[in-house]
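> Here it is: the structure, laid out below.
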Number of protein chains: 2
Amino acid sequence: MAKLQGKALVAQGGGPTAVINQSLVGVILEARKFTEIDRVYGARFGVCGIKEENFIDLTRSTTHNLERVGDTPGSALGSTRDKPDEKYCEEIFSSMQKHNIRYFYYIGGNDSASTCHIINEQAKAANYELRVIHIPKTIDNDLVGTDHSPGYGSAAKFVAQSFAGVNLDNLSLPGIYIGVVMGRHAGFLTAASSLARRFPDDGPHLIYLPERVFDPKKFVADVDKVYKEFGRCVVAVSEGIHDKKGNSIMANLLNTGEKDAHGNIQLSGCGALGDALANLVRKEIKNKRVRADTFGYLQRSFLGCVSDSDRWEAREVGERAVQYSVWDDVDGSVAIDRVGDYAVRYGLIDLKEVAGKTKTMPDEFIASDNMVSEAFRSYARPLTGNLEHLERIMAVRVEKK
Amino acid sequence: MAKLQGKALVAQGGGPTAVINQSLVGVILEARKFTEIDRVYGARFGVCGIKEENFIDLTRSTTHNLERVGDTPGSALGSTRDKPDEKYCEEIFSSMQKHNIRYFYYIGGNDSASTCHIINEQAKAANYELRVIHIPKTIDNDLVGTDHSPGYGSAAKFVAQSFAGVNLDNLSLPGIYIGVVMGRHAGFLTAASSLARRFPDDGPHLIYLPERVFDPKKFVADVDKVYKEFGRCVVAVSEGIHDKKGNSIMANLLNTGEKDAHGNIQLSGCGALGDALANLVRKEIKNKRVRADTFGYLQRSFLGCVSDSDRWEAREVGERAVQYSVWDDVDGSVAIDRVGDYAVRYGLIDLKEVAGKTKTMPDEFIASDNMVSEAFRSYARPLTGNLEHLERIMAVRVEKK
């Protein structure tokens with residue numbers, strides 16, 4: 001069989017992560033090894049750049065430059081929030097045909113997988129030979145068919161270390177602290193707040209996930225109970241918490257909120273949910289020091305808080321994507337299988353298995369309506385890698401005179 | 001001359017930092033070397049714990065335990081926001097006398113220096129031999145008489161790396177981003193947002209310090225101008241910005257805000273200022289993606305973002321404090337002198353020179369009403385140490401077909 005000859009195109013979609021450029025660099029360096037691939041193009045700003053033929057030629061970028069880009073957070077090609085429909089994909093496909101693109105790699109979440117699926121179908125219908133590979137990426141860890149997604153481990157490490165720090169801060173100056181973590185539907189990132197706990201009274205003492213119904217009255221009672229026990233309380237809350245009707249707590253508490261192009265209420269990039277929850281606690285539990293932080297964009301692209309396993313896996317899914325498309329001549333989404341404790345193997349799954357679907361925390365990872373389980377901690381620990389070890393002073397009390 | 005024999009007492013005051021425990025450990029380990037010091041006590045929760053005789057005996061804490069505590073952020077002894085007056089200090093002094101405390105080390109900011117000064121005067125008046133040493137600590141870097149304060153370098157590194165990350169995020173998904181940084185009167189920490197910039201269009205593009213008057217109209221015009229030039233805009237704002245009458249912008253925009261025990265409006269631990277500024281921009285500059293994050297408590301105790309020089313200097317000011325008090329039999333506040341480029345020497349200055357005073361950014365560190373100068377960057381770089389090196393892809397544009 002004659003191998004498919006043409007150009008490769010790589011793009012990045014959705015929110016950036018600390019390691020998404022590792023996948024990009026994995027694709028570029030691997031693609032440049034194959035004689036089937038004439039040139040490696042990058043699209044600026046995701047599908048938006050493909051539609052507009054906004055391409056750069058990565059074929060001659062130096063290895064040093066690319067390796068340094070791999071170590072830099074953010075989407076080096078630029079990204080987009082566009083979610084293409086059939087018509088939009090036709091324009092993308094037309095642009096690809098003009099440039100004789102035969103290998104397409106799209107690094108992104110479930111929306112990017114949907115785009116890959118639509119384009120793949122269009123290419124088949126047009127009898128145009130095009131290999132399409134989706135490369136998983138999301139800090140939310142909400143992609144189905146893969147044990148976990150590149151980008152999650154580093155964001156989880158940031159969240160774990162942040163809560164370790166605010167827990168120490170709260171031990172120093174006791175009070176009630178609420179930290180709001182990203183994650184509209186899946187609680188994996190919020191759950192990571194538990195990973196650096198060491199002593200029995202370390203926070204977060206309460207963790208609220210979007211997988212469980214959030215009841216403001218119960219929340220205040222929970223905080224009150226912890227405060228009475230420890231004289232302080234650290235709470236981790238997912239931005240996506242909702243009531244039993246499925247309505248966003250943020251929308252309920254504020255009766256407002258900016259909506260994005262898809263009609264979703266803007267959850268990140270504003271401190272409103274944290275402030276509203278803090279006010280709720282202040283109103284019900286008097287005379288307490290109450291503080292709220294919204295972790296916002298810091299958790300997505302912080303420089304210098306990258307998980308080792310996350311970095312290498314992000315690189316390898318990029319390399320594997322190219323290998324599947326050229327060696328095996330197939331389409332799909334790269335998936336990570338967990339084997340043993342802890343190693344990974346890579347596989348390729350159908351695009352339509354991933355497209356538009358959302359994975360949430362399984363029940364076994366949730367201990368109660370306000371806590372994660374030990375099973376979650378076992379699952380997540382290899383993904384963040386070793387976290388720093390906190391110490392407390394060991395000394396005896398002096399008797400009063 | 002007979003050496004002063006008795007117990008040593010160490011305490012931590014005010015907001016914790018990532019390295020305040022290094023100073024604590026420096027005091028403990030150094031004090032344990034001197035035969036003049038019978039026991040080393042620690043007060044829980046600062047002056048509050050001294051008043052209540054809430055002491056622990058650190059004389060037998062293991063070196064391993066202490067070394068690990070040194071590497072742990074937060075105030076390991078616990079801290080307090082109490083600002084003692086004369087009467088409060090009399091109670092402290094009485095408690096010290098009961099326990100034959102002859103060496104007192106208080107790690108904190110200018111309020112802690114005030115406490116040291118009052119107690120020192122009371123001891124002199126009572127003819128009670130007591131050595132009192134203030135050990136500098138603050139992320140705000142607002143202590144007078146010292147080139148910089150331990151705690152600042154690590155917090156500055158966190159702020160610099162955070163802005164490097166959000167700048168990359170903003171390059172990926174362009175829009176307007178506002179990050180609110182701690183610092184009620186001094187802009188040093190907000191200014192640190194500039195330290196990891198590398199490319200000419202890297203953010204933050206605008207930096208607003210409490211040392212300059214903040215005009216909301218000018219702010220919106222500044223953002224609009226940057227947005228027109230770069231298609232995006234990253235802004236660093238100090239929580240302490242105020243109008244020309246000296247009124248807090250947060251209070252003006254919100255006409256509210258929790259007040260603390262000293263009548264200060266609560267600036268940290270809520271996202272209100274960032275959200276208000278974002279709304280201002282949204283109202284005036286239409287159809288733009290505007291996001292605001294308030295860095296809050298993350299910047300003060302984040303685990304795993306410590307500056308090397310900050311760590312060692314924090315340790316050394318603790319050691320020096322003990323040496324001055326025992327070898328030289330003097331009182332004062334430990335100060336850091338910068339020599340050469342870059343080395344430090346330690347000195348001791350009068351407590352009353354530091355007590356209650358606030359240092360702000362000198363004019364030479366401020367380039368205009370919305371930017372810092374190269375002089376500031378030269379001043380601050382050795383304090384954070386090397387920051388990670390950001391890279392962008394070097395590649396040529398592909399012509400459209």
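In the structure tokens, the first chain shown is A, the next is B, and so on; residue numbers restart at 1 for each chain, and ligands run from 1 in the order shown.
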With a cut-off of 6 Å and counting only C-alpha atoms, select all residues of chain A in contact with chain B and give the selection as a PyMOL selection string.

chain A and resi 53+55-58+61+68-69+72+74-75+78-79+161-162+165+168-169+172-173+269-271+275+291-293+296+301-303+390-392+394-398+400

> Could you pull out the alpha helix (DSSP H) residues of segment 167-291 of chain A, going by DSSP on the backbone, and write them as number ranges by chain?

A: 167-172, 188-191, 216-230, 249-254, 272-284

> Considering only C-alpha atoms, return as a PyMOL selection string whatever protein or nucleic-acid residues lie within 8 Å of Pro382 of chain A, sequence-local ones (same chain, fewer than 3 positions apart) excluded.

chain A and resi 309+342+378-379+385-386

> Give me, as a list of chain:residue names, all polymer residues having an atom no more than 9 Å from Arg381 of chain A, counting only C-alpha atoms and skipping those fewer than 6 positions away in the same chain.

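What passes the distance filter is A:Gly153, A:Ala192, A:Leu195, A:Leu387.
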
> For the selection just defined, write its residues with C-alpha atoms to a file, as a PDB file, in the first residue's frame.


ATOM      1  CA  GLY A 153      -1.867  16.441  36.821  1.00  0.00           C
ATOM      2  CA  ALA A 192      -7.155  17.557  44.240  1.00  0.00           C
ATOM      3  CA  LEU A 195      -3.815  15.687  48.091  1.00  0.00           C
ATOM      4  CA  LEU A 387       4.088  16.858  46.846  1.00  0.00           C
TER       5      LEU A 387
END

> What does the distance between atom CA of Ile101 of chain A and atom CA of Leu24 of chain A come to in Å, to one decimal place?

16.9 Å

> Tell me which protein, DNA and RNA residues are within 8 Å of segment 333-340 of chain A, counting only C-alpha atoms, leaving out same-chain ones fewer than 6 positions away, and put them as a PyMOL selection string.

chain A and resi 113+133-136+145-149+317+320-321+346-351+354

> Output the selection as a short mmCIF file (atom, residue, chain, number, x, y, z; two decimals), in the first residue's frame - N, CA, C and O atoms for each residue.


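Resulting contents of again_30.cif:
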data_model
loop_
_atom_site.label_atom_id
_atom_site.label_comp_id
_atom_site.auth_asym_id
_atom_site.auth_seq_id
_atom_site.Cartn_x
_atom_site.Cartn_y
_atom_site.Cartn_z
N ALA A 113 -12.57 17.14 20.17
CA ALA A 113 -12.82 15.79 19.66
C ALA A 113 -14.03 15.80 18.72
O ALA A 113 -14.04 15.11 17.69
N ILE A 133 -6.44 12.92 14.10
CA ILE A 133 -6.18 12.41 15.46
C ILE A 133 -6.45 13.51 16.49
O ILE A 133 -5.92 14.62 16.37
N HIS A 134 -7.27 13.16 17.44
CA HIS A 134 -7.51 14.06 18.58
C HIS A 134 -6.53 13.71 19.69
O HIS A 134 -6.35 12.53 20.05
N ILE A 135 -5.89 14.75 20.24
CA ILE A 135 -4.92 14.56 21.33
C ILE A 135 -5.51 15.16 22.60
O ILE A 135 -5.81 16.35 22.65
N PRO A 136 -5.70 14.32 23.65
CA PRO A 136 -6.44 14.78 24.83
C PRO A 136 -5.69 15.85 25.61
O PRO A 136 -4.48 15.79 25.78
N GLY A 145 -13.02 7.65 28.19
CA GLY A 145 -12.21 6.70 27.42
C GLY A 145 -10.73 6.73 27.74
O GLY A 145 -9.97 5.91 27.23
N THR A 146 -10.30 7.67 28.57
CA THR A 146 -8.89 7.75 28.97
C THR A 146 -8.85 7.76 30.49
O THR A 146 -9.76 8.29 31.13
N ASP A 147 -7.83 7.13 31.06
CA ASP A 147 -7.74 7.10 32.52
C ASP A 147 -7.68 8.51 33.11
O ASP A 147 -8.25 8.79 34.14
N HIS A 148 -6.94 9.39 32.42
CA HIS A 148 -6.84 10.79 32.84
C HIS A 148 -6.35 11.59 31.64
O HIS A 148 -5.90 11.01 30.64
N SER A 149 -6.42 12.89 31.72
CA SER A 149 -6.05 13.74 30.59
C SER A 149 -4.81 14.56 30.90
O SER A 149 -4.72 15.13 31.99
N VAL A 317 1.63 11.58 24.25
CA VAL A 317 0.38 11.51 23.48
C VAL A 317 0.54 12.23 22.14
O VAL A 317 -0.05 11.82 21.12
N ARG A 320 2.64 9.78 19.99
CA ARG A 320 1.80 8.63 19.62
C ARG A 320 0.81 9.01 18.52
O ARG A 320 0.53 8.22 17.62
N ALA A 321 0.25 10.20 18.61
CA ALA A 321 -0.73 10.65 17.62
C ALA A 321 -0.16 10.53 16.20
O ALA A 321 -0.80 10.00 15.29
N TYR A 346 -0.43 3.56 25.92
CA TYR A 346 -1.29 4.41 25.10
C TYR A 346 -2.11 3.58 24.14
O TYR A 346 -1.66 2.51 23.70
N GLY A 347 -3.29 4.06 23.83
CA GLY A 347 -4.14 3.38 22.87
C GLY A 347 -4.88 4.42 22.04
O GLY A 347 -4.76 5.63 22.28
N LEU A 348 -5.63 3.94 21.05
CA LEU A 348 -6.40 4.87 20.21
C LEU A 348 -7.86 4.43 20.27
O LEU A 348 -8.17 3.25 20.09
N ILE A 349 -8.76 5.37 20.55
CA ILE A 349 -10.18 5.04 20.60
C ILE A 349 -10.93 5.85 19.55
O ILE A 349 -10.41 6.82 19.00
N ASP A 350 -12.16 5.41 19.26
CA ASP A 350 -12.97 6.09 18.24
C ASP A 350 -13.24 7.54 18.62
O ASP A 350 -13.55 7.83 19.77
N LEU A 351 -13.17 8.41 17.63
CA LEU A 351 -13.45 9.83 17.89
C LEU A 351 -14.84 10.02 18.48
O LEU A 351 -15.03 10.83 19.39
N VAL A 354 -15.42 9.94 22.25
CA VAL A 354 -14.93 11.05 23.08
C VAL A 354 -15.72 12.33 22.80
O VAL A 354 -15.97 13.14 23.70
#
